[in-house]
$ cat target-v6.tsv   # TSV, C-alpha atoms
chain	number	residue	atom	x	y	z
A	27	MET	CA	27.64	-28.63	3.45
A	28	ASN	CA	29.64	-26.82	6.18
A	29	ASP	CA	33.34	-27.54	6.58
A	30	SER	CA	34.22	-28.90	10.00
A	31	GLU	CA	37.32	-29.57	12.08
A	32	TRP	CA	37.99	-31.69	15.13
A	33	TYR	CA	39.33	-30.46	18.46
A	34	VAL	CA	39.73	-31.80	21.98
A	35	CYS	CA	37.31	-30.57	24.65
A	36	PRO	CA	39.28	-28.75	27.39
A	37	ASP	CA	36.88	-30.02	30.08
A	38	CYS	CA	36.29	-33.71	29.38
A	39	GLY	CA	39.02	-34.49	26.81
A	40	GLN	CA	36.57	-35.90	24.23
A	41	ASP	CA	36.96	-35.17	20.53
A	42	ILE	CA	34.49	-32.50	19.39
A	43	GLU	CA	33.42	-31.48	15.90
A	44	VAL	CA	33.46	-27.74	15.16
A	45	ASN	CA	31.53	-26.49	12.12
A	46	GLU	CA	32.94	-23.46	10.37
A	47	GLY	CA	30.99	-20.33	11.29
A	48	TYR	CA	29.30	-21.97	14.28
A	49	LYS	CA	30.01	-22.08	18.00
A	50	ALA	CA	32.48	-24.64	19.32
A	51	TRP	CA	30.94	-26.73	22.10
A	52	CYS	CA	31.08	-30.23	23.54
A	53	GLU	CA	28.04	-32.47	23.21
A	54	HIS	CA	29.48	-34.84	25.83
A	55	CYS	CA	29.77	-32.41	28.75
A	56	ASN	CA	28.07	-29.26	27.37
A	57	TRP	CA	31.28	-27.22	27.59
A	58	ASN	CA	30.78	-23.75	26.06
A	59	ILE	CA	27.24	-24.62	24.95
A	60	ALA	CA	25.93	-21.10	25.59
A	61	GLU	CA	26.98	-17.64	26.57
A	62	GLU	CA	25.25	-16.00	29.53
A	63	GLU	CA	23.01	-13.90	27.29
A	64	GLU	CA	21.72	-17.03	25.56
A	65	GLN	CA	20.17	-18.27	28.78
A	66	GLY	CA	17.17	-15.93	28.48
A	67	GLU	CA	16.18	-13.00	30.67
A	68	THR	CA	18.75	-11.30	32.82
A	69	GLY	CA	18.50	-9.06	35.87
A	70	TRP	CA	15.64	-8.65	38.30
A	71	LEU	CA	12.87	-9.98	36.03
A	72	ARG	CA	14.73	-13.24	35.44
A	73	THR	CA	15.37	-13.53	39.18
A	74	ILE	CA	11.67	-13.06	39.96
A	75	ASN	CA	10.70	-15.54	37.26
A	76	ARG	CA	13.15	-18.13	38.60
A	77	LYS	CA	11.89	-17.70	42.17
A	78	LEU	CA	8.30	-18.11	41.04
A	79	ASP	CA	9.19	-21.23	39.06
A	80	GLU	CA	10.94	-22.72	42.07
A	81	ARG	CA	7.93	-22.08	44.28
A	82	PHE	CA	4.98	-22.84	41.99
A	83	SER	CA	5.98	-24.53	38.71
A	84	GLY	CA	7.35	-27.70	40.30
A	85	ARG	CA	3.95	-28.64	41.69
A	86	LEU	CA	2.27	-28.09	38.33
A	87	LEU	CA	5.03	-30.00	36.55
A	88	ASP	CA	4.62	-33.01	38.83
A	89	GLU	CA	0.84	-32.91	38.38
A	90	PHE	CA	1.00	-32.98	34.58
A	91	LYS	CA	3.77	-35.58	34.48
A	92	TYR	CA	1.45	-37.89	36.37
A	93	SER	CA	-1.75	-37.08	34.47
A	94	VAL	CA	-2.96	-34.42	32.04
A	95	THR	CA	-6.18	-32.91	33.33
A	96	ARG	CA	-8.15	-30.45	31.22
A	97	GLU	CA	-9.95	-28.84	34.15
A	98	PHE	CA	-9.08	-25.54	35.80
A	99	PRO	CA	-9.68	-25.84	39.54
A	100	LEU	CA	-11.03	-22.81	41.36
A	101	THR	CA	-8.13	-21.35	43.32
A	102	LYS	CA	-7.61	-18.30	45.47
A	103	TYR	CA	-5.37	-16.88	42.75
A	104	ARG	CA	-8.25	-16.85	40.26
A	105	LEU	CA	-10.38	-14.99	42.82
A	106	TYR	CA	-7.52	-12.52	43.31
A	107	ALA	CA	-7.39	-12.01	39.54
A	108	TYR	CA	-11.09	-11.15	39.36
A	109	MET	CA	-10.74	-8.80	42.35
A	110	LEU	CA	-7.83	-6.97	40.72
A	111	ALA	CA	-9.69	-6.77	37.42
A	112	LEU	CA	-12.69	-5.29	39.25
A	113	ILE	CA	-10.43	-2.63	40.75
A	114	VAL	CA	-9.15	-1.73	37.28
A	115	HIS	CA	-12.65	-1.39	35.80
A	116	THR	CA	-13.95	0.54	38.81
A	117	SER	CA	-10.99	2.93	38.76
A	118	THR	CA	-11.45	3.58	35.05
A	119	LEU	CA	-15.14	4.36	35.51
A	120	ALA	CA	-14.27	6.54	38.51
A	121	ILE	CA	-12.23	8.82	36.25
A	122	LEU	CA	-15.30	9.42	34.10
A	123	GLY	CA	-17.44	9.96	37.19
A	124	LEU	CA	-14.94	12.47	38.58
A	125	ALA	CA	-14.95	14.35	35.28
A	126	ILE	CA	-18.77	14.59	35.40
A	127	LEU	CA	-18.62	15.91	38.97
A	128	CYS	CA	-16.14	18.57	37.89
A	129	PHE	CA	-18.51	19.68	35.12
A	130	ALA	CA	-21.36	19.89	37.63
A	131	THR	CA	-19.59	22.61	39.64
A	132	ASN	CA	-19.48	26.30	38.80
A	133	SER	CA	-15.68	26.44	39.11
A	134	THR	CA	-13.73	27.28	35.97
A	135	TRP	CA	-10.64	25.45	37.22
A	136	LEU	CA	-12.61	22.34	38.11
A	137	GLY	CA	-14.28	22.51	34.69
A	138	PHE	CA	-10.83	22.62	33.09
A	139	LEU	CA	-9.78	19.64	35.24
A	140	GLY	CA	-12.94	17.83	34.11
A	141	ILE	CA	-11.98	18.36	30.47
A	142	LEU	CA	-8.50	16.94	31.13
A	143	LEU	CA	-9.95	13.91	32.93
A	144	LEU	CA	-12.47	13.32	30.14
A	145	LEU	CA	-9.74	13.50	27.48
A	146	LEU	CA	-7.63	11.09	29.52
A	147	TRP	CA	-10.55	8.67	29.84
A	148	ILE	CA	-11.20	8.84	26.08
A	149	ALA	CA	-7.49	8.23	25.38
A	150	VAL	CA	-7.63	5.12	27.56
A	151	MET	CA	-10.82	3.73	26.03
A	152	LEU	CA	-10.13	4.47	22.35
A	153	PRO	CA	-7.46	1.76	21.86
A	154	TYR	CA	-10.23	-0.87	21.94
A	155	ARG	CA	-11.13	0.25	18.45
A	156	ARG	CA	-7.77	-1.03	17.32
A	157	ARG	CA	-7.01	-2.09	13.81
A	158	LEU	CA	-6.94	-5.83	13.38
A	159	PRO	CA	-3.56	-7.28	12.35
A	160	GLY	CA	-2.86	-8.59	8.87
A	161	ARG	CA	-5.58	-9.49	6.39
A	162	VAL	CA	-8.49	-11.91	6.19
A	163	ILE	CA	-8.26	-15.19	4.31
A	164	THR	CA	-11.74	-16.25	3.23
A	165	LYS	CA	-13.15	-19.73	2.83
A	166	GLU	CA	-13.86	-19.02	-0.84
A	167	ASP	CA	-10.19	-18.27	-1.57
A	168	TYR	CA	-8.61	-20.87	0.75
A	169	PRO	CA	-11.12	-23.71	1.22
A	170	GLU	CA	-8.56	-26.40	2.14
A	171	LEU	CA	-7.00	-24.35	4.92
A	172	HIS	CA	-10.44	-23.56	6.35
A	173	GLN	CA	-11.38	-27.24	6.15
A	174	LEU	CA	-8.15	-28.23	7.90
A	175	ILE	CA	-8.81	-25.81	10.75
A	176	GLU	CA	-12.44	-26.91	11.00
A	177	GLU	CA	-11.53	-30.60	11.21
A	178	ILE	CA	-8.98	-29.91	13.94
A	179	ARG	CA	-11.52	-27.75	15.77
A	180	GLN	CA	-14.04	-30.58	15.72
A	181	GLN	CA	-11.52	-33.06	17.11
A	182	LEU	CA	-10.79	-30.71	20.00
A	183	ASN	CA	-14.45	-29.71	20.46
A	184	ALA	CA	-13.33	-26.08	20.36
A	185	PRO	CA	-15.63	-23.15	19.59
A	186	SER	CA	-15.59	-21.80	16.05
A	187	VAL	CA	-13.34	-18.91	15.13
A	188	HIS	CA	-15.07	-15.88	13.69
A	189	MET	CA	-12.23	-15.04	11.32
A	190	ILE	CA	-8.82	-16.27	10.11
A	191	ARG	CA	-6.15	-13.68	9.41
A	192	VAL	CA	-2.51	-13.89	8.31
A	193	THR	CA	0.36	-11.56	9.14
A	194	GLU	CA	4.06	-11.15	8.41
A	195	ASP	CA	4.95	-11.78	12.06
A	196	TYR	CA	6.84	-14.84	13.28
A	197	ASN	CA	4.01	-15.77	15.60
A	198	SER	CA	0.53	-17.32	15.68
A	199	TYR	CA	-2.13	-16.67	18.30
A	200	ILE	CA	-5.82	-16.35	19.18
A	201	LEU	CA	-7.15	-12.79	19.33
A	202	SER	CA	-10.31	-11.72	21.16
A	203	TRP	CA	-12.44	-9.20	19.28
A	204	LYS	CA	-15.74	-7.54	20.13
A	205	GLY	CA	-16.44	-9.54	23.23
A	206	LYS	CA	-16.64	-13.29	22.63
A	207	ARG	CA	-15.58	-13.32	18.98
A	208	LYS	CA	-12.28	-15.10	18.39
A	209	ILE	CA	-9.82	-14.62	15.55
A	210	LEU	CA	-7.11	-17.12	14.61
A	211	VAL	CA	-4.02	-15.18	13.53
A	212	LEU	CA	-1.38	-17.14	11.60
A	213	GLY	CA	2.12	-15.78	10.99
A	214	ILE	CA	3.21	-16.74	7.48
A	215	PRO	CA	6.99	-16.57	8.28
A	216	GLN	CA	6.56	-19.10	11.08
A	217	LEU	CA	4.33	-21.38	8.99
A	218	ALA	CA	6.85	-21.23	6.13
A	219	ALA	CA	9.42	-22.95	8.33
A	220	LEU	CA	7.06	-25.83	9.17
A	221	THR	CA	6.24	-29.13	7.52
A	222	THR	CA	2.58	-30.06	7.01
A	223	GLU	CA	2.62	-32.08	10.24
A	224	GLU	CA	4.11	-29.15	12.15
A	225	LYS	CA	1.49	-26.80	10.68
A	226	ILE	CA	-1.17	-29.16	12.00
A	227	ALA	CA	0.59	-29.08	15.39
A	228	ILE	CA	0.60	-25.27	15.64
A	229	ILE	CA	-3.05	-25.00	14.57
A	230	SER	CA	-3.96	-27.72	17.09
A	231	PHE	CA	-2.03	-25.87	19.79
A	232	GLN	CA	-3.93	-22.63	19.15
A	233	MET	CA	-7.31	-24.35	18.90
A	234	SER	CA	-6.64	-26.15	22.17
A	235	LEU	CA	-6.04	-22.80	23.87
A	236	LEU	CA	-9.41	-21.75	22.49
A	237	ALA	CA	-11.07	-24.97	23.69
A	238	HIS	CA	-9.70	-24.61	27.23
A	239	PRO	CA	-9.68	-20.88	28.08
A	240	ASN	CA	-8.09	-19.84	31.35
A	241	ALA	CA	-9.10	-16.91	33.53
A	242	ALA	CA	-6.81	-14.59	31.56
A	243	LYS	CA	-8.99	-15.17	28.48
A	244	HIS	CA	-12.18	-14.27	30.31
A	245	ALA	CA	-13.53	-11.03	28.80
A	246	PHE	CA	-13.63	-9.32	32.21
A	247	VAL	CA	-9.97	-10.04	33.01
A	248	ASP	CA	-8.72	-9.65	29.45
A	249	ARG	CA	-10.30	-6.21	29.18
A	250	ALA	CA	-8.73	-5.21	32.50
A	251	MET	CA	-5.29	-6.20	31.18
A	252	ASN	CA	-5.88	-4.13	28.06
A	253	LEU	CA	-7.06	-1.19	30.17
A	254	LEU	CA	-3.87	-1.28	32.24
A	255	GLN	CA	-1.78	-1.20	29.06
A	256	SER	CA	-3.91	1.63	27.68
A	257	TRP	CA	-3.39	3.63	30.88
A	258	GLN	CA	0.36	3.24	30.56
A	259	ASP	CA	0.27	4.22	26.88
A	260	ALA	CA	-1.87	7.28	27.66
A	261	LEU	CA	0.57	8.40	30.36
A	262	ASP	CA	3.65	7.81	28.19
A	263	GLN	CA	5.29	11.20	27.54
A	264	SER	CA	8.34	9.95	25.65
A	265	ASP	CA	7.31	11.76	22.44
A	266	SER	CA	5.88	14.91	23.99
A	267	GLY	CA	8.81	17.14	23.03
A	268	ILE	CA	8.45	20.75	24.17
A	269	LEU	CA	5.13	19.91	25.86
A	270	ALA	CA	7.01	17.69	28.31
A	271	ILE	CA	9.17	20.68	29.32
A	272	LEU	CA	6.23	23.06	29.76
A	273	LEU	CA	4.22	20.55	31.78
A	274	PHE	CA	7.14	18.99	33.65
A	275	PRO	CA	5.33	18.47	37.00
A	276	LEU	CA	2.45	16.69	35.25
A	277	VAL	CA	4.89	14.56	33.29
A	278	ILE	CA	6.62	13.46	36.50
A	279	LEU	CA	3.25	12.68	38.09
A	280	GLY	CA	2.27	10.67	35.00
A	281	GLN	CA	5.48	8.64	35.15
A	282	VAL	CA	4.94	7.86	38.84
A	283	VAL	CA	1.37	6.73	38.14
A	284	ALA	CA	2.56	4.66	35.13
A	285	PHE	CA	5.14	2.95	37.38
A	286	PHE	CA	2.50	1.86	39.88
A	287	LEU	CA	0.24	0.77	37.02
A	288	ALA	CA	3.05	-1.44	35.73
A	289	LEU	CA	3.46	-2.99	39.18
A	290	PHE	CA	-0.30	-3.58	39.33
A	291	GLN	CA	-0.15	-5.23	35.90
A	292	ILE	CA	2.63	-7.56	37.08
A	293	LEU	CA	0.58	-8.40	40.18
A	294	LEU	CA	-2.41	-9.30	38.00
A	295	MET	CA	-0.19	-11.47	35.78
A	296	LEU	CA	1.13	-13.27	38.85
A	297	THR	CA	-2.38	-14.27	39.89
A	298	LEU	CA	-2.91	-15.73	36.40
A	299	ARG	CA	0.43	-17.53	36.21
A	300	ASP	CA	-0.79	-20.96	37.31
A	301	GLU	CA	-3.77	-21.05	34.93
A	302	MET	CA	-1.79	-19.77	31.95
A	303	GLN	CA	0.90	-22.40	32.45
A	304	ARG	CA	-1.79	-25.04	32.83
A	305	SER	CA	-3.23	-23.95	29.46
A	306	ILE	CA	0.14	-24.36	27.77
A	307	TYR	CA	0.61	-27.89	29.12
A	308	ILE	CA	-2.89	-28.88	27.94
A	309	ALA	CA	-2.30	-27.36	24.50
A	310	ASP	CA	1.06	-29.14	24.19
A	311	TYR	CA	-0.59	-32.46	25.02
A	312	GLU	CA	-3.50	-32.05	22.61
A	313	ALA	CA	-1.27	-30.80	19.78
A	314	SER	CA	0.90	-33.85	20.38
A	315	LEU	CA	-2.11	-36.17	20.20
A	316	ILE	CA	-3.36	-34.70	16.94
A	317	ALA	CA	-0.07	-34.09	15.08
A	318	GLY	CA	2.26	-36.52	16.85
A	319	SER	CA	4.82	-35.70	19.52
A	320	GLN	CA	7.72	-35.54	17.06
A	321	ALA	CA	5.96	-32.82	15.05
A	322	TRP	CA	5.19	-30.94	18.28
A	323	LYS	CA	8.82	-31.17	19.42
A	324	SER	CA	10.10	-29.92	16.07
A	325	LEU	CA	7.60	-27.06	16.20
A	326	LEU	CA	8.87	-26.07	19.64
A	327	LEU	CA	12.40	-25.84	18.25
A	328	LYS	CA	11.46	-23.91	15.11
A	329	ALA	CA	9.48	-21.44	17.22
A	330	THR	CA	12.86	-20.09	18.39
A	331	MET	CA	14.07	-19.23	14.86
A	332	GLU	CA	12.59	-15.73	14.58
A	333	GLU	CA	15.98	-13.98	14.59
A	334	PHE	CA	17.25	-16.44	12.00
A	335	PHE	CA	14.29	-15.56	9.77
A	336	LEU	CA	14.74	-11.82	10.25
A	337	THR	CA	18.41	-12.09	9.25
A	338	THR	CA	17.36	-13.98	6.11
A	339	ALA	CA	14.64	-11.44	5.29
A	340	PHE	CA	16.95	-8.43	5.65
A	341	GLN	CA	19.61	-10.07	3.48
A	342	VAL	CA	17.15	-11.02	0.73
A	343	ALA	CA	15.67	-7.50	0.82
A	344	LYS	CA	19.08	-5.82	0.65
A	345	TYR	CA	20.77	-8.20	-1.78
A	346	PRO	CA	18.04	-9.45	-4.16
A	347	TYR	CA	19.85	-12.65	-5.15
A	348	SER	CA	16.59	-14.51	-4.61
A	349	LYS	CA	12.97	-13.49	-5.07
A	350	GLU	CA	11.74	-16.45	-3.04
A	351	LEU	CA	12.21	-15.33	0.57
A	352	TYR	CA	10.44	-18.25	2.23
A	353	GLU	CA	12.10	-20.86	0.03
A	354	GLU	CA	15.46	-19.30	0.90
A	355	PHE	CA	14.52	-19.50	4.59
A	356	ARG	CA	13.66	-23.19	4.30
A	357	GLN	CA	16.90	-23.93	2.46
A	358	ARG	CA	18.91	-22.21	5.17
A	359	ILE	CA	17.16	-24.25	7.85
A	360	ALA	CA	17.94	-27.43	5.89
A	361	THR	CA	21.66	-26.54	5.74
A	362	ILE	CA	22.07	-25.95	9.49
A	363	PRO	CA	24.63	-28.55	10.65
A	364	ARG	CA	23.36	-31.45	12.71
A	365	LYS	CA	25.45	-30.42	15.69
A	366	GLU	CA	24.10	-26.87	15.70
A	367	MET	CA	20.53	-28.22	15.73
A	368	LEU	CA	21.57	-30.50	18.59
A	369	ARG	CA	22.91	-27.46	20.46
A	370	ALA	CA	19.56	-25.68	20.02
A	371	GLU	CA	17.71	-28.75	21.32
A	372	ARG	CA	20.12	-29.08	24.25
A	373	LEU	CA	19.63	-25.41	25.15
A	374	GLN	CA	15.88	-25.93	25.24
A	375	GLU	CA	16.32	-28.92	27.54
A	376	MET	CA	18.45	-26.73	29.84
A	377	GLN	CA	16.07	-23.74	29.80
A	378	GLU	CA	14.78	-23.46	33.34
A	379	VAL	CA	13.00	-20.13	32.90
A	380	HIS	CA	10.91	-19.13	29.89
A	381	ASN	CA	11.37	-15.68	28.36
A	382	VAL	CA	7.59	-15.23	28.41
A	383	PHE	CA	6.59	-14.40	31.97
A	384	ASN	CA	3.65	-16.80	32.34
A	385	HIS	CA	4.87	-19.70	30.18
A	386	PRO	CA	6.43	-22.89	31.53
A	387	SER	CA	10.02	-23.41	30.49
A	388	ALA	CA	10.87	-25.53	27.47
A	389	LYS	CA	12.63	-27.91	29.84
A	390	ASN	CA	9.41	-28.52	31.77
A	391	ARG	CA	7.29	-28.78	28.63
A	392	LEU	CA	9.62	-31.38	27.16
A	393	GLU	CA	9.72	-33.27	30.44
A	394	VAL	CA	5.91	-33.49	30.56
A	395	MET	CA	5.60	-34.60	26.94
A	396	ARG	CA	8.19	-37.36	27.36
A	397	LYS	CA	5.80	-38.85	29.93
A	398	HIS	CA	2.91	-38.70	27.43
A	399	TRP	CA	4.72	-39.27	24.14
A	400	CYS	CA	2.44	-39.94	21.18
A	401	PHE	CA	4.00	-41.81	18.25
A	402	ALA	CA	0.93	-41.98	15.98
A	403	PRO	CA	-0.95	-38.74	15.20
A	404	SER	CA	-4.74	-38.95	15.44
A	405	TYR	CA	-5.24	-36.62	12.47
A	406	GLN	CA	-3.61	-37.29	9.11
A	407	PRO	CA	-4.96	-35.65	5.93
A	408	ASP	CA	-4.73	-37.77	2.81
A	409	ALA	CA	-2.13	-37.12	0.11
A	410	ALA	CA	-4.56	-35.25	-2.15
A	411	GLN	CA	-5.60	-32.93	0.67
A	412	VAL	CA	-1.97	-32.31	1.66
A	413	LYS	CA	-1.15	-31.31	-1.91
A	414	LYS	CA	-4.03	-28.82	-1.99
A	415	ILE	CA	-3.06	-27.42	1.43
A	416	GLN	CA	0.53	-26.94	0.28
A	417	ALA	CA	-0.69	-25.12	-2.85
A	418	GLU	CA	-2.75	-22.71	-0.75
A	419	PHE	CA	0.15	-22.03	1.61
A	420	HIS	CA	2.40	-21.42	-1.40
A	421	ASP	CA	-0.05	-18.78	-2.62
A	422	LEU	CA	-0.09	-17.17	0.84
A	423	GLU	CA	3.70	-17.14	0.88
A	424	GLN	CA	3.87	-15.45	-2.53
A	425	ARG	CA	1.57	-12.68	-1.37
A	426	SER	CA	3.28	-12.36	2.00
A	427	GLN	CA	6.85	-12.09	0.71
A	428	LYS	CA	5.90	-9.28	-1.67
A	429	ILE	CA	4.44	-7.31	1.23
A	430	LEU	CA	7.33	-8.02	3.60
A	431	LEU	CA	10.18	-7.41	1.14
A	432	SER	CA	8.58	-4.19	-0.11
A	433	HIS	CA	8.28	-2.96	3.47
A	434	LEU	CA	11.89	-3.84	4.33
A	435	ARG	CA	13.23	-2.12	1.19
A	436	GLU	CA	11.15	1.01	1.82
A	437	THR	CA	12.30	1.30	5.43
A	438	GLY	CA	15.91	0.65	4.47

$ encode --input "target-v6.tsv" --output "structure tokens"
Amino acid sequence: MNDSEWYVCPDCGQDIEVNEGYKAWCEHCNWNIAEEEEQGETGWLRTINRKLDERFSGRLLDEFKYSVTREFPLTKYRLYAYMLALIVHTSTLAILGLAILCFATNSTWLGFLGILLLLLWIAVMLPYRRRLPGRVITKEDYPELHQLIEEIRQQLNAPSVHMIRVTEDYNSYILSWKGKRKILVLGIPQLAALTTEEKIAIISFQMSLLAHPNAAKHAFVDRAMNLLQSWQDALDQSDSGILAILLFPLVILGQVVAFFLALFQILLMLTLRDEMQRSIYIADYEASLIAGSQAWKSLLLKATMEEFFLTTAFQVAKYPYSKELYEEFRQRIATIPRKEMLRAERLQEMQEVHNVFNHPSAKNRLEVMRKHWCFAPSYQPDAAQVKKIQAEFHDLEQRSQKILLSHLRETG
């Protein structure tokens, strides 16, 4: 238990409880609830995001508050996205074509330029052979988890995932691989913070995104986004050392090109903004139907605890007073004072702009779900199945914490 004292709020005069080691704030008038840096992005990106929300997100918010539709209407912004993606693919192929033309000449200098262009094209294309994150969990080793995911998939009528992988990241997501193959990636640290109902909610959320793909998930557009990032990585000269000094004019040219590529990437993301936000609202709704709205709401709050987990992980790695990292994390969550949890919830309700560029704010997501609140989850595994699922997650946690703690101790 945390010691607490009582003070008088300087704004509204109400008595406020202050827990030792936590921020003093007033739950009656929200005095001192957050510092400026706790409000999310700052500077020009936050300003752009706020302006876009003011112009576009209100319409989408009103639409989903009235009714949740699972369709993605054909809009001019989707057409713009495909046009921009076509430009990216055409430009990338043009580099290869230009290199071939250089080789076809008898000029030594043009031949040298062709070699440079070919190497650049290879550097851009090679990242697609990226190493997959984490490690595979097979159906033979974790049958209950696979069954859980399959049952949720069937309820949502989502396509099957080709593979399930786990990582030590505080995040879960769907990964496209080799065209239309989809991989469900589950972050063990995030899952460790969740109850069984909340685990069902996060799996339902991800499977819903798979069941209702937006234009950004189309292979043509997704590959264009990856190409833009690969171009920027290929032109990044931050680690070139002496080579950057010797080839200074080329480095400057590369930075200018990378700047315009970044602007082009932002433009492409803007055309996808409406559909990506629509996907999030649909996934919120379907996760709420399957797991219950209370589990979804709790998941939304615990999704913000990544820094809290990292602090716990570094302390356990440095001071080995506990070998059970994830159990320690859960115990710390359980000991957070009620008022501090209320502050975190209140901050979410006040969040007008999401830190992720194309996500609706937590305030809007909560507002939509209050209009479609689901008290009774549609999917509830029986007690025997829950026990088996918990045993499999415990085994995953044991393996994961060994990997994570060893890595943190090795890197200091």

$ atom_distance --input "target-v6.tsv" --atom1 "CA of Thr95 (chain A)" --atom2 "CA of Ile308 (chain A)"
7.5 Å

$ closest_residue --input "target-v6.tsv" --among "A:Phe98, A:Phe285, A:Phe401, A:Phe340" --to "Gly318 (chain A)" --atoms "only C-alpha atoms"
A:Phe401

$ atom_distance --input "target-v6.tsv" --atom1 "CA of Glu333 (chain A)" --atom2 "CA of Leu430 (chain A)"
15.2 Å

$ residues_around --input "target-v6.tsv" --residues "Leu146 (chain A)" --least-positions-apart "6" --cutoff "9 Å" --atoms "all atoms listed in the file" --output "list in words"
Ile121, Trp257, Ala260 and Leu261 of chain A

$ residues_around --input "target-v6.tsv" --residues "region 344-355 of chain A" --least-positions-apart "5" --cutoff "10 Å" --atoms "all atoms listed in the file" --output "list in words"
Ile214, Pro215, Gln216, Leu217, Ala218, Ala219, Phe334, Phe335, Leu336, Thr337, Thr338, Ala339, Ala360, His420, Glu423, Gln424, Ser426, Gln427, Lys428, Leu430, Leu431, Leu434, Arg435 and Gly438 of chain A

$ write_last_selection --input "target-v6.tsv" --atoms "C-alpha atoms" --output "compact mmCIF listing (two decimals), in the coordinates of the input"
# COMPACT_ATOMS: atom_id res chain seq x y z
CA ILE A 214 3.21 -16.74 7.48
CA PRO A 215 6.99 -16.57 8.28
CA GLN A 216 6.56 -19.10 11.08
CA LEU A 217 4.33 -21.38 8.99
CA ALA A 218 6.85 -21.23 6.13
CA ALA A 219 9.42 -22.95 8.33
CA PHE A 334 17.25 -16.44 12.00
CA PHE A 335 14.29 -15.56 9.77
CA LEU A 336 14.74 -11.82 10.25
CA THR A 337 18.41 -12.09 9.25
CA THR A 338 17.36 -13.98 6.11
CA ALA A 339 14.64 -11.44 5.29
CA ALA A 360 17.94 -27.43 5.89
CA HIS A 420 2.40 -21.42 -1.40
CA GLU A 423 3.70 -17.14 0.88
CA GLN A 424 3.87 -15.45 -2.53
CA SER A 426 3.28 -12.36 2.00
CA GLN A 427 6.85 -12.09 0.71
CA LYS A 428 5.90 -9.28 -1.67
CA LEU A 430 7.33 -8.02 3.60
CA LEU A 431 10.18 -7.41 1.14
CA LEU A 434 11.89 -3.84 4.33
CA ARG A 435 13.23 -2.12 1.19
CA GLY A 438 15.91 0.65 4.47
